[in-house]
file query-v3.tsv (TSV, C-alpha atoms and all ligand atoms)
chain	number	residue	atom	x	y	z
Z	1	MET	CA	20.16	-112.08	185.73
Z	2	ASN	CA	20.35	-111.89	189.49
Z	3	GLN	CA	21.13	-108.23	190.04
Z	4	VAL	CA	20.97	-106.75	193.50
Z	5	ARG	CA	18.06	-104.39	193.78
Z	6	LEU	CA	18.03	-101.01	195.49
Z	7	GLN	CA	21.72	-100.78	196.30
Z	8	THR	CA	22.26	-97.78	198.55
Z	9	THR	CA	24.91	-95.11	198.10
Z	10	ILE	CA	25.49	-91.46	199.01
Z	11	ALA	CA	25.98	-88.38	196.84
Z	12	GLY	CA	29.52	-88.00	198.13
Z	13	SER	CA	30.46	-85.96	201.16
Z	14	LEU	CA	30.04	-86.61	204.87
Z	15	PRO	CA	30.83	-84.31	207.82
Z	16	LYS	CA	34.42	-84.31	209.02
Z	17	PRO	CA	35.50	-85.04	212.60
Z	18	SER	CA	35.86	-81.86	214.68
Z	19	TRP	CA	39.58	-82.52	215.21
Z	20	LEU	CA	40.16	-82.41	211.43
Z	21	ALA	CA	38.15	-79.35	210.34
Z	22	ALA	CA	35.76	-76.90	211.93
Z	23	PRO	CA	32.35	-78.58	211.81
Z	24	ARG	CA	29.24	-77.46	209.96
Z	25	GLN	CA	30.78	-75.04	207.49
Z	26	LEU	CA	31.81	-75.13	203.85
Z	27	TRP	CA	35.49	-74.44	203.06
Z	28	ALA	CA	36.26	-75.17	206.73
Z	29	PRO	CA	40.01	-74.76	207.31
Z	30	TRP	CA	42.07	-77.78	208.32
Z	31	LEU	CA	42.96	-77.97	211.99
Z	32	LEU	CA	46.06	-80.10	211.38
Z	33	GLU	CA	49.19	-79.58	209.27
Z	34	GLY	CA	51.79	-81.58	207.39
Z	35	ALA	CA	52.14	-85.26	208.26
Z	36	ALA	CA	49.52	-84.95	211.01
Z	37	LEU	CA	47.02	-83.68	208.42
Z	38	ASP	CA	47.75	-86.61	206.09
Z	39	GLU	CA	47.30	-89.06	208.94
Z	40	GLY	CA	44.17	-87.26	210.14
Z	41	MET	CA	42.58	-87.42	206.69
Z	42	GLN	CA	43.24	-91.15	206.46
Z	43	ASP	CA	41.79	-91.74	209.92
Z	44	ALA	CA	38.72	-89.72	208.93
Z	45	VAL	CA	38.29	-91.85	205.80
Z	46	ARG	CA	38.42	-94.97	207.99
Z	47	LEU	CA	35.75	-93.48	210.25
Z	48	VAL	CA	33.35	-92.64	207.43
Z	49	LEU	CA	33.85	-96.12	205.98
Z	50	TYR	CA	32.99	-97.51	209.41
Z	51	ASP	CA	29.84	-95.37	209.54
Z	52	GLN	CA	28.74	-96.38	206.05
Z	53	ASN	CA	29.45	-100.06	206.78
Z	54	SER	CA	27.64	-100.13	210.07
Z	55	ALA	CA	24.64	-98.43	208.49
Z	56	GLY	CA	24.67	-100.99	205.66
Z	57	ILE	CA	25.41	-98.68	202.71
Z	58	ASP	CA	26.29	-100.77	199.64
Z	59	VAL	CA	28.40	-98.44	197.47
Z	60	VAL	CA	30.70	-96.35	199.66
Z	61	THR	CA	32.78	-93.17	199.28
Z	62	ASP	CA	35.59	-91.49	201.21
Z	63	GLY	CA	33.08	-88.89	202.37
Z	64	GLU	CA	35.38	-86.30	200.72
Z	65	GLN	CA	37.39	-86.24	203.96
Z	66	THR	CA	40.54	-85.27	202.05
Z	67	ARG	CA	39.21	-82.04	200.56
Z	68	ARG	CA	38.14	-78.72	201.97
Z	69	HIS	CA	35.72	-78.13	199.14
Z	70	PHE	CA	34.58	-80.31	196.27
Z	71	VAL	CA	35.72	-77.84	193.61
Z	72	THR	CA	38.54	-75.73	195.02
Z	73	THR	CA	40.58	-78.60	196.45
Z	74	PHE	CA	40.77	-80.11	192.99
Z	75	VAL	CA	41.84	-76.92	191.24
Z	76	GLU	CA	44.38	-76.04	193.96
Z	77	SER	CA	46.74	-78.64	192.52
Z	78	LEU	CA	46.68	-77.19	189.01
Z	79	GLU	CA	48.89	-74.58	187.38
Z	80	GLY	CA	47.51	-71.37	185.94
Z	81	ILE	CA	45.24	-70.51	188.84
Z	82	ASP	CA	45.98	-67.76	191.37
Z	83	PHE	CA	44.78	-68.50	194.88
Z	84	GLU	CA	46.45	-65.43	196.42
Z	85	HIS	CA	44.39	-62.69	194.80
Z	86	LYS	CA	40.85	-63.95	194.89
Z	87	ARG	CA	37.99	-62.20	193.14
Z	88	THR	CA	34.34	-62.04	194.06
Z	89	MET	CA	32.07	-63.96	191.77
Z	90	ARG	CA	28.42	-64.89	191.74
Z	91	ILE	CA	28.20	-68.67	191.97
Z	92	ARG	CA	25.38	-70.46	190.20
Z	93	ASP	CA	23.69	-67.10	189.76
Z	94	ARG	CA	22.87	-67.26	193.45
Z	95	TYR	CA	25.50	-66.20	195.97
Z	96	ASP	CA	28.79	-64.30	195.98
Z	97	ALA	CA	32.00	-66.01	196.98
Z	98	GLU	CA	35.69	-65.16	196.93
Z	99	VAL	CA	37.10	-67.47	194.29
Z	100	PRO	CA	40.52	-68.18	192.74
Z	101	VAL	CA	41.42	-66.58	189.41
Z	102	VAL	CA	42.46	-68.29	186.18
Z	103	VAL	CA	45.52	-66.26	185.13
Z	104	GLY	CA	47.15	-68.48	182.50
Z	105	PRO	CA	46.91	-71.84	180.73
Z	106	VAL	CA	45.56	-74.40	183.22
Z	107	VAL	CA	47.78	-77.47	183.45
Z	108	ARG	CA	47.71	-80.58	185.62
Z	109	ARG	CA	51.31	-81.64	186.29
Z	110	LYS	CA	50.48	-84.49	188.66
Z	111	SER	CA	47.46	-86.41	189.80
Z	112	VAL	CA	45.36	-84.77	192.47
Z	113	PHE	CA	43.49	-87.57	194.23
Z	114	VAL	CA	45.07	-90.83	193.10
Z	115	GLU	CA	46.84	-91.55	196.40
Z	116	HIS	CA	43.63	-90.88	198.32
Z	117	ALA	CA	41.77	-93.17	195.93
Z	118	ARG	CA	44.36	-95.90	196.35
Z	119	PHE	CA	43.99	-95.62	200.11
Z	120	LEU	CA	40.19	-95.81	199.92
Z	121	ARG	CA	40.40	-98.86	197.65
Z	122	ALA	CA	42.70	-100.65	200.09
Z	123	GLU	CA	40.46	-99.96	203.08
Z	124	THR	CA	37.28	-101.64	201.88
Z	125	GLY	CA	36.16	-104.62	199.83
Z	126	LYS	CA	32.91	-102.88	198.86
Z	127	ARG	CA	32.26	-101.11	195.59
Z	128	VAL	CA	33.70	-97.62	195.85
Z	129	LYS	CA	32.64	-94.40	194.23
Z	130	PHE	CA	34.91	-91.39	193.84
Z	131	THR	CA	33.57	-87.93	193.10
Z	132	LEU	CA	35.10	-85.21	190.96
Z	133	PRO	CA	33.68	-81.77	190.16
Z	134	GLY	CA	32.22	-81.55	186.65
Z	135	PRO	CA	33.70	-79.14	184.07
Z	136	MET	CA	30.80	-76.66	184.08
Z	137	THR	CA	30.64	-76.52	187.87
Z	138	ILE	CA	34.40	-75.88	188.07
Z	139	VAL	CA	34.11	-73.04	185.56
Z	140	ASP	CA	31.27	-71.59	187.61
Z	141	THR	CA	33.44	-71.56	190.75
Z	142	LEU	CA	36.42	-69.67	189.25
Z	143	PHE	CA	37.05	-66.15	188.00
Z	144	ASP	CA	38.50	-66.40	184.49
Z	145	SER	CA	40.97	-63.71	183.39
Z	146	HIS	CA	42.65	-65.81	180.72
Z	147	TYR	CA	40.42	-67.90	178.44
Z	148	LYS	CA	37.49	-65.42	178.45
Z	149	SER	CA	35.13	-68.19	177.40
Z	150	ARG	CA	33.28	-70.51	179.76
Z	151	GLU	CA	33.13	-73.19	177.07
Z	152	LYS	CA	36.85	-73.03	176.27
Z	153	LEU	CA	37.75	-73.22	179.94
Z	154	ALA	CA	35.31	-76.11	180.46
Z	155	ARG	CA	36.98	-78.04	177.64
Z	156	VAL	CA	40.39	-77.51	179.27
Z	157	PHE	CA	39.04	-78.84	182.57
Z	158	ALA	CA	37.31	-81.75	180.82
Z	159	ASP	CA	40.69	-82.95	179.49
Z	160	ILE	CA	42.28	-82.51	182.91
Z	161	LEU	CA	39.42	-84.38	184.61
Z	162	ASN	CA	39.67	-87.17	182.08
Z	163	ALA	CA	43.37	-87.70	182.84
Z	164	GLU	CA	42.57	-87.69	186.56
Z	165	ALA	CA	39.62	-90.08	186.16
Z	166	ARG	CA	41.70	-92.57	184.19
Z	167	GLU	CA	44.17	-92.72	187.07
Z	168	LEU	CA	41.37	-93.24	189.58
Z	169	GLU	CA	40.00	-96.06	187.46
Z	170	ALA	CA	43.44	-97.64	187.25
Z	171	VAL	CA	43.69	-97.95	191.05
Z	172	GLY	CA	40.36	-99.78	191.22
Z	173	ILE	CA	37.67	-97.14	191.70
Z	174	ASP	CA	34.37	-98.70	190.55
Z	175	ILE	CA	32.30	-95.59	189.92
Z	176	ILE	CA	33.52	-92.11	189.01
Z	177	GLN	CA	30.96	-89.40	189.56
Z	178	PHE	CA	31.16	-85.89	188.15
Z	179	ASP	CA	29.23	-83.38	190.25
Z	180	GLU	CA	27.36	-80.89	188.08
Z	181	PRO	CA	24.98	-78.84	190.23
Z	182	ALA	CA	25.49	-76.05	187.67
Z	183	PHE	CA	23.39	-78.18	185.27
Z	184	ASN	CA	20.30	-77.06	187.17
Z	185	VAL	CA	21.02	-73.38	186.51
Z	186	PHE	CA	22.53	-72.83	183.06
Z	187	MET	CA	20.26	-74.94	180.91
Z	188	ASP	CA	21.24	-73.30	177.60
Z	189	GLU	CA	24.92	-73.89	178.29
Z	190	VAL	CA	24.17	-77.49	179.30
Z	191	ARG	CA	22.70	-78.00	175.84
Z	192	ASP	CA	25.38	-76.03	173.98
Z	193	TRP	CA	28.51	-77.47	175.61
Z	194	GLY	CA	27.79	-78.83	179.11
Z	195	ILE	CA	26.90	-82.38	178.11
Z	196	ALA	CA	29.77	-82.44	175.60
Z	197	THR	CA	32.35	-81.43	178.19
Z	198	LEU	CA	30.92	-83.91	180.73
Z	199	GLU	CA	31.29	-86.68	178.14
Z	200	LEU	CA	34.84	-85.54	177.37
Z	201	ALA	CA	35.67	-85.81	181.09
Z	202	ALA	CA	34.34	-89.38	181.11
Z	203	ALA	CA	35.70	-90.41	177.69
Z	204	GLY	CA	37.28	-93.85	177.44
Z	205	LEU	CA	36.50	-94.87	181.04
Z	206	LYS	CA	35.54	-98.52	181.45
Z	207	CYS	CA	34.35	-98.15	185.02
Z	208	THR	CA	30.83	-96.97	185.75
Z	209	THR	CA	30.37	-93.23	185.21
Z	210	ALA	CA	27.89	-91.02	186.99
Z	211	THR	CA	26.79	-87.44	187.32
Z	212	HIS	CA	25.16	-85.76	190.30
Z	213	ILE	CA	22.79	-82.88	189.62
Z	214	CYS	CA	21.24	-81.31	192.66
Z	215	TYR	CA	19.76	-78.16	194.06
Z	216	GLY	CA	22.79	-77.68	196.29
Z	217	TYR	CA	23.89	-78.13	199.87
Z	218	GLY	CA	21.46	-77.18	202.60
Z	219	ILE	CA	22.92	-73.67	202.98
Z	220	LYS	CA	20.69	-70.60	203.22
Z	221	ALA	CA	21.38	-69.24	199.71
Z	222	ASN	CA	20.28	-72.55	198.21
Z	223	VAL	CA	17.23	-72.93	200.42
Z	224	ASP	CA	16.12	-69.38	199.51
Z	225	TRP	CA	16.67	-70.14	195.82
Z	226	LYS	CA	14.61	-73.33	196.03
Z	227	ASN	CA	11.81	-71.38	197.70
Z	228	SER	CA	11.76	-69.10	194.64
Z	229	LEU	CA	11.39	-71.91	192.10
Z	230	GLY	CA	7.63	-72.29	192.38
Z	231	SER	CA	5.43	-75.29	193.02
Z	232	GLU	CA	7.11	-77.63	190.52
Z	233	TRP	CA	10.85	-77.85	189.84
Z	234	ARG	CA	11.22	-78.74	186.17
Z	235	GLN	CA	14.92	-77.87	185.68
Z	236	TYR	CA	15.69	-81.53	184.97
Z	237	GLU	CA	13.18	-81.60	182.13
Z	238	SER	CA	15.51	-80.03	179.57
Z	239	THR	CA	18.69	-81.73	180.81
Z	240	PHE	CA	17.56	-85.34	181.25
Z	241	PRO	CA	16.74	-86.07	177.58
Z	242	LEU	CA	20.26	-84.90	176.70
Z	243	LEU	CA	21.80	-87.03	179.44
Z	244	ALA	CA	19.73	-90.02	178.29
Z	245	LYS	CA	21.53	-89.82	174.94
Z	246	SER	CA	24.94	-89.41	176.60
Z	247	ALA	CA	27.45	-92.11	177.53
Z	248	ILE	CA	27.08	-91.44	181.28
Z	249	ASP	CA	25.76	-94.54	183.10
Z	250	GLN	CA	24.17	-93.15	186.25
Z	251	VAL	CA	22.37	-89.94	187.18
Z	252	SER	CA	21.90	-88.72	190.75
Z	253	LEU	CA	18.96	-86.44	191.43
Z	254	GLU	CA	17.18	-84.80	194.30
Z	255	CYS	CA	13.81	-86.29	195.29
Z	256	ALA	CA	13.36	-86.15	199.09
Z	257	ASN	CA	11.24	-83.16	200.15
Z	258	SER	CA	11.84	-81.63	196.72
Z	259	LYS	CA	9.30	-80.32	194.25
Z	260	VAL	CA	10.78	-82.33	191.40
Z	261	PRO	CA	7.96	-84.17	189.60
Z	262	LEU	CA	9.17	-87.77	189.78
Z	263	GLU	CA	7.82	-88.58	186.32
Z	264	LEU	CA	10.83	-86.64	184.98
Z	265	ILE	CA	12.83	-89.79	185.84
Z	266	SER	CA	11.22	-91.39	182.77
Z	267	LEU	CA	13.26	-88.99	180.63
Z	268	LEU	CA	16.38	-90.92	181.72
Z	269	ASP	CA	15.23	-94.20	180.25
Z	270	GLY	CA	18.04	-96.78	180.28
Z	271	LYS	CA	20.18	-95.05	182.93
Z	272	ASP	CA	20.80	-96.08	186.52
Z	273	ILE	CA	19.04	-93.59	188.77
Z	274	MET	CA	20.40	-92.49	192.12
Z	275	VAL	CA	17.24	-91.36	193.84
Z	276	GLY	CA	17.82	-88.74	196.54
Z	277	ALA	CA	15.77	-90.08	199.43
Z	278	ILE	CA	17.53	-88.13	202.20
Z	279	ASP	CA	17.01	-84.39	202.71
Z	280	VAL	CA	20.29	-82.56	203.31
Z	281	THR	CA	18.74	-79.26	204.43
Z	282	THR	CA	17.69	-80.47	207.87
Z	283	GLU	CA	19.27	-82.15	210.86
Z	284	GLN	CA	16.05	-84.05	211.34
Z	285	VAL	CA	16.67	-87.71	210.58
Z	286	GLU	CA	14.19	-89.37	208.26
Z	287	THR	CA	12.37	-92.48	209.40
Z	288	PRO	CA	13.06	-95.62	207.34
Z	289	GLU	CA	9.41	-95.50	206.26
Z	290	GLN	CA	9.84	-91.95	204.87
Z	291	VAL	CA	12.81	-93.19	202.83
Z	292	ALA	CA	10.79	-96.20	201.68
Z	293	GLN	CA	8.00	-93.91	200.48
Z	294	VAL	CA	10.37	-91.96	198.22
Z	295	ILE	CA	11.79	-95.22	196.82
Z	296	ARG	CA	8.32	-96.64	196.16
Z	297	ALA	CA	7.27	-93.43	194.40
Z	298	ALA	CA	10.39	-93.47	192.20
Z	299	MET	CA	9.89	-97.16	191.36
Z	300	LYS	CA	6.93	-96.16	189.21
Z	301	TYR	CA	9.50	-94.77	186.77
Z	302	VAL	CA	12.60	-96.94	187.19
Z	303	LEU	CA	13.20	-100.66	187.75
Z	304	PRO	CA	14.53	-101.61	191.20
Z	305	GLU	CA	17.64	-103.08	189.52
Z	306	LYS	CA	18.44	-99.64	188.19
Z	307	LEU	CA	17.40	-97.65	191.27
Z	308	TYR	CA	20.05	-96.64	193.81
Z	309	PRO	CA	18.60	-95.02	196.94
Z	310	CYS	CA	20.91	-92.10	197.73
Z	311	THR	CA	21.13	-88.76	199.52
Z	312	ASN	CA	19.88	-85.57	197.82
Z	313	CYS	CA	23.35	-84.03	197.99
Z	314	GLY	CA	26.44	-84.05	200.19
Z	315	LEU	CA	25.97	-84.27	203.94
Z	316	VAL	CA	29.06	-82.20	204.81
Z	317	PRO	CA	27.23	-79.20	206.34
Z	318	LEU	CA	25.34	-81.42	208.82
Z	319	SER	CA	26.36	-82.72	212.25
Z	320	ARG	CA	28.01	-86.12	212.30
Z	321	GLU	CA	25.23	-87.44	214.50
Z	322	ALA	CA	22.55	-86.44	211.99
Z	323	ALA	CA	24.60	-87.80	209.09
Z	324	ARG	CA	25.01	-91.17	210.80
Z	325	GLY	CA	21.29	-91.26	211.53
Z	326	LYS	CA	20.52	-90.48	207.90
Z	327	LEU	CA	22.84	-93.24	206.64
Z	328	HIS	CA	20.99	-95.72	208.83
Z	329	ALA	CA	17.58	-94.45	207.70
Z	330	LEU	CA	18.65	-94.72	204.06
Z	331	ALA	CA	19.77	-98.33	204.36
Z	332	ALA	CA	16.79	-99.31	206.53
Z	333	GLY	CA	14.32	-97.68	204.13
Z	334	ALA	CA	15.83	-99.54	201.18
Z	335	ALA	CA	15.65	-102.78	203.19
Z	336	ILE	CA	11.92	-102.28	203.76
Z	337	VAL	CA	11.22	-101.97	200.04
Z	338	ARG	CA	13.61	-104.83	199.15
Z	339	LYS	CA	11.61	-107.03	201.51
Z	340	GLU	CA	8.35	-105.98	199.88
Z	341	LEU	CA	9.79	-106.83	196.47
Z	342	ALA	CA	10.90	-110.25	197.69
Z	343	GLY	CA	7.28	-110.60	198.85
L	1	ZN	ZN	24.75	-81.89	195.35

call {"tool": "encode", "arguments": {"input": "query-v3.tsv", "output": "C-alpha cells", "more": "lines below"}}
Ligand code: ZN
result
Amino acid sequence: MNQVRLQTTIAGSLPKPSWLAAPRQLWAPWLLEGAALDEGMQDAVRLVLYDQNSAGIDVVTDGEQTRRHFVTTFVESLEGIDFEHKRTMRIRDRYDAEVPVVVGPVVRRKSVFVEHARFLRAETGKRVKFTLPGPMTIVDTLFDSHYKSREKLARVFADILNAEARELEAVGIDIIQFDEPAFNVFMDEVRDWGIATLELAAAGLKCTTATHICYGYGIKANVDWKNSLGSEWRQYESTFPLLAKSAIDQVSLECANSKVPLELISLLDGKDIMVGAIDVTTEQVETPEQVAQVIRAAMKYVLPEKLYPCTNCGLVPLSREAARGKLHALAAGAAIVRKELAG
C-alpha cells in the first residue's frame, strides 16, 4: 500500500479578514449584512483556501469563515432555543458566558451548513474536512430550561448532528470532525454517555469521521486552567481507551507545548492521529524544525501513515499573519520528517 505519510491538516478555524469580522476575538460580530455578508463569507473561504494551498496543507477546511462561533452558529438555526434572553453559564467548568437557553423541544427544520459545504467542495480539488460541534460540547454551551438532563439533550443534538452530517457527506465532504473539547473536562460523563452520543452523531457515515479534543483556544481562561493542571496532563488517559473502541476514525489532540505525555497516543491504537504540532496560545510562529520535533516524538507511538500533523486547536483568535506563518511552519515541518523517512 502506497499511502501518503504525514498529511497535514488543521483543527478547523482560521482568523477572519478584518472586513468580515472584528479580528482577534471570539463571537466577533459580522461587519457585513445580507447579500454582502454571504459574498464576504465566500470570499473569506477562498482566501483561507489560498493560504492553506500556498502553505502546502494537504487536508483543508473552510477555516470556519461562515460562523461566528463553532457552537452557537450551529444552534442558531434550530428551533427550541431562545437567543433573546440569554443566561449566564459556566462553560467547561472554567469561565462564565452569556449563552442561549433551551426553552422547548430542539428541532432542525433545515440544514445549517450544507450550502457552505457545497461551496467549499466546489472551490478545491483537495480532500476537505468540515467541523461540527460535538453533542457534549453543545450541551455545555447552552442553558437548558427544558430537558433538565445533559444526557437527554445530548442525545437530541446527536440526532440533529447526524442528519446534518449525512447532508455534508452527500455533497462530497471527505472528513467530518466533531469538536469535543468538553471531553477533557467531564470524564465521568464521557464514559457514561459522551462516547455514545458522539457515535450517534457519526452513525451510518461512510466518509472519514474524526473528533477533536483539546485544551481550548488560546484565551486567558484556558491558559490559566492549563497552568492549574500540574506537570502532566493525563485527561486523555481515561477517554482514549473508550475512543479506541468507538467507530470514530481519527482523533485530534494537543501536543505542541503541552504537558500531555505522548505515550497516551498508544491508547488510541488503530486510529488515525491528528497530532497538534502548532501552539495556538502564542503569536510566535514555530520553526519547521520545532514542528518536526513534535512529529518525530509522536512517531514513537503512531505510524507515519496514520499520523496527521495538525494544529493544537483553532487559530481563530490569532492574527492572520501569525496563522499564515503557522500554516507554513506546519507543512514545512512535516516535509522535513517526510524527507527523513524517505531517507
Ligand atoms: Zn480545540

call {"tool": "residues_around", "arguments": {"input": "query-v3.tsv", "residues": "Asn312 in chain Z", "least_positions_apart": "2", "cutoff": "12 Å", "atoms": "only C-alpha atoms", "output": "mmCIF file with C-alpha atoms, in the frame of the given file"}}
result
data_model
loop_
_atom_site.group_PDB
_atom_site.id
_atom_site.type_symbol
_atom_site.label_atom_id
_atom_site.label_comp_id
_atom_site.auth_asym_id
_atom_site.auth_seq_id
_atom_site.Cartn_x
_atom_site.Cartn_y
_atom_site.Cartn_z
ATOM 1 C CA THR Z 9 24.910 -95.110 198.100
ATOM 2 C CA ILE Z 10 25.490 -91.460 199.010
ATOM 3 C CA ALA Z 11 25.980 -88.380 196.840
ATOM 4 C CA GLY Z 12 29.520 -88.000 198.130
ATOM 5 C CA SER Z 13 30.460 -85.960 201.160
ATOM 6 C CA PRO Z 181 24.980 -78.840 190.230
ATOM 7 C CA HIS Z 212 25.160 -85.760 190.300
ATOM 8 C CA ILE Z 213 22.790 -82.880 189.620
ATOM 9 C CA CYS Z 214 21.240 -81.310 192.660
ATOM 10 C CA TYR Z 215 19.760 -78.160 194.060
ATOM 11 C CA GLY Z 216 22.790 -77.680 196.290
ATOM 12 C CA TYR Z 217 23.890 -78.130 199.870
ATOM 13 C CA GLY Z 218 21.460 -77.180 202.600
ATOM 14 C CA VAL Z 251 22.370 -89.940 187.180
ATOM 15 C CA SER Z 252 21.900 -88.720 190.750
ATOM 16 C CA LEU Z 253 18.960 -86.440 191.430
ATOM 17 C CA GLU Z 254 17.180 -84.800 194.300
ATOM 18 C CA CYS Z 255 13.810 -86.290 195.290
ATOM 19 C CA ALA Z 256 13.360 -86.150 199.090
ATOM 20 C CA ASN Z 257 11.240 -83.160 200.150
ATOM 21 C CA SER Z 258 11.840 -81.630 196.720
ATOM 22 C CA VAL Z 260 10.780 -82.330 191.400
ATOM 23 C CA MET Z 274 20.400 -92.490 192.120
ATOM 24 C CA VAL Z 275 17.240 -91.360 193.840
ATOM 25 C CA GLY Z 276 17.820 -88.740 196.540
ATOM 26 C CA ALA Z 277 15.770 -90.080 199.430
ATOM 27 C CA ILE Z 278 17.530 -88.130 202.200
ATOM 28 C CA ASP Z 279 17.010 -84.390 202.710
ATOM 29 C CA VAL Z 280 20.290 -82.560 203.310
ATOM 30 C CA THR Z 281 18.740 -79.260 204.430
ATOM 31 C CA THR Z 282 17.690 -80.470 207.870
ATOM 32 C CA VAL Z 291 12.810 -93.190 202.830
ATOM 33 C CA VAL Z 294 10.370 -91.960 198.220
ATOM 34 C CA TYR Z 308 20.050 -96.640 193.810
ATOM 35 C CA PRO Z 309 18.600 -95.020 196.940
ATOM 36 C CA CYS Z 310 20.910 -92.100 197.730
ATOM 37 C CA GLY Z 314 26.440 -84.050 200.190
ATOM 38 C CA LEU Z 315 25.970 -84.270 203.940
ATOM 39 C CA LYS Z 326 20.520 -90.480 207.900
ATOM 40 C CA LEU Z 330 18.650 -94.720 204.060
#

call {"tool": "residues_around", "arguments": {"input": "query-v3.tsv", "residues": "range 108-120 of chain Z", "least_positions_apart": "3", "cutoff": "8 Å", "atoms": "all atoms listed in the file", "output": "compact mmCIF listing (two decimals) with C-alpha atoms, in the coordinates of the input"}}
result
# COMPACT_ATOMS: atom_id res chain seq x y z
CA GLN Z 42 43.24 -91.15 206.46
CA VAL Z 45 38.29 -91.85 205.80
CA THR Z 61 32.78 -93.17 199.28
CA ASP Z 62 35.59 -91.49 201.21
CA THR Z 66 40.54 -85.27 202.05
CA PHE Z 74 40.77 -80.11 192.99
CA SER Z 77 46.74 -78.64 192.52
CA LEU Z 78 46.68 -77.19 189.01
CA GLU Z 79 48.89 -74.58 187.38
CA GLU Z 123 40.46 -99.96 203.08
CA THR Z 124 37.28 -101.64 201.88
CA VAL Z 128 33.70 -97.62 195.85
CA PHE Z 130 34.91 -91.39 193.84
CA ILE Z 160 42.28 -82.51 182.91
CA GLU Z 164 42.57 -87.69 186.56
CA GLU Z 167 44.17 -92.72 187.07
CA LEU Z 168 41.37 -93.24 189.58
CA VAL Z 171 43.69 -97.95 191.05
CA GLY Z 172 40.36 -99.78 191.22
CA ILE Z 173 37.67 -97.14 191.70

call {"tool": "atom_distance", "arguments": {"input": "query-v3.tsv", "atom1": "CA of Ala322 in chain Z", "atom2": "CA of Leu14 in chain Z"}}
result
10.3 Å

call {"tool": "closest_residue", "arguments": {"input": "query-v3.tsv", "among": "Z:Val60, Z:Ile219, Z:Ala203, Z:Val103", "to": "His146 in chain Z", "atoms": "all atoms listed in the file"}}
result
Z:Val103

call {"tool": "closest_residue", "arguments": {"input": "query-v3.tsv", "among": "Z:Ala170, Z:Val139, Z:Val59, Z:Ala247", "to": "Arg92 in chain Z", "atoms": "all atoms listed in the file"}}
result
Z:Val139

call {"tool": "atom_distance", "arguments": {"input": "query-v3.tsv", "atom1": "CA of Ser319 in chain Z", "atom2": "CA of Arg24 in chain Z"}}
result
6.4 Å

call {"tool": "closest_residue", "arguments": {"input": "query-v3.tsv", "among": "Z:Pro288, Z:Gly204, Z:Gly194, Z:Gly63", "to": "Pro15 in chain Z", "atoms": "only C-alpha atoms"}}
result
Z:Gly63

call {"tool": "closest_residue", "arguments": {"input": "query-v3.tsv", "among": "Z:Gly333, Z:Gly325, Z:Pro261, Z:Pro133", "to": "ligand ZN 1 (chain L)", "atoms": "all atoms listed in the file"}}
result
Z:Pro133
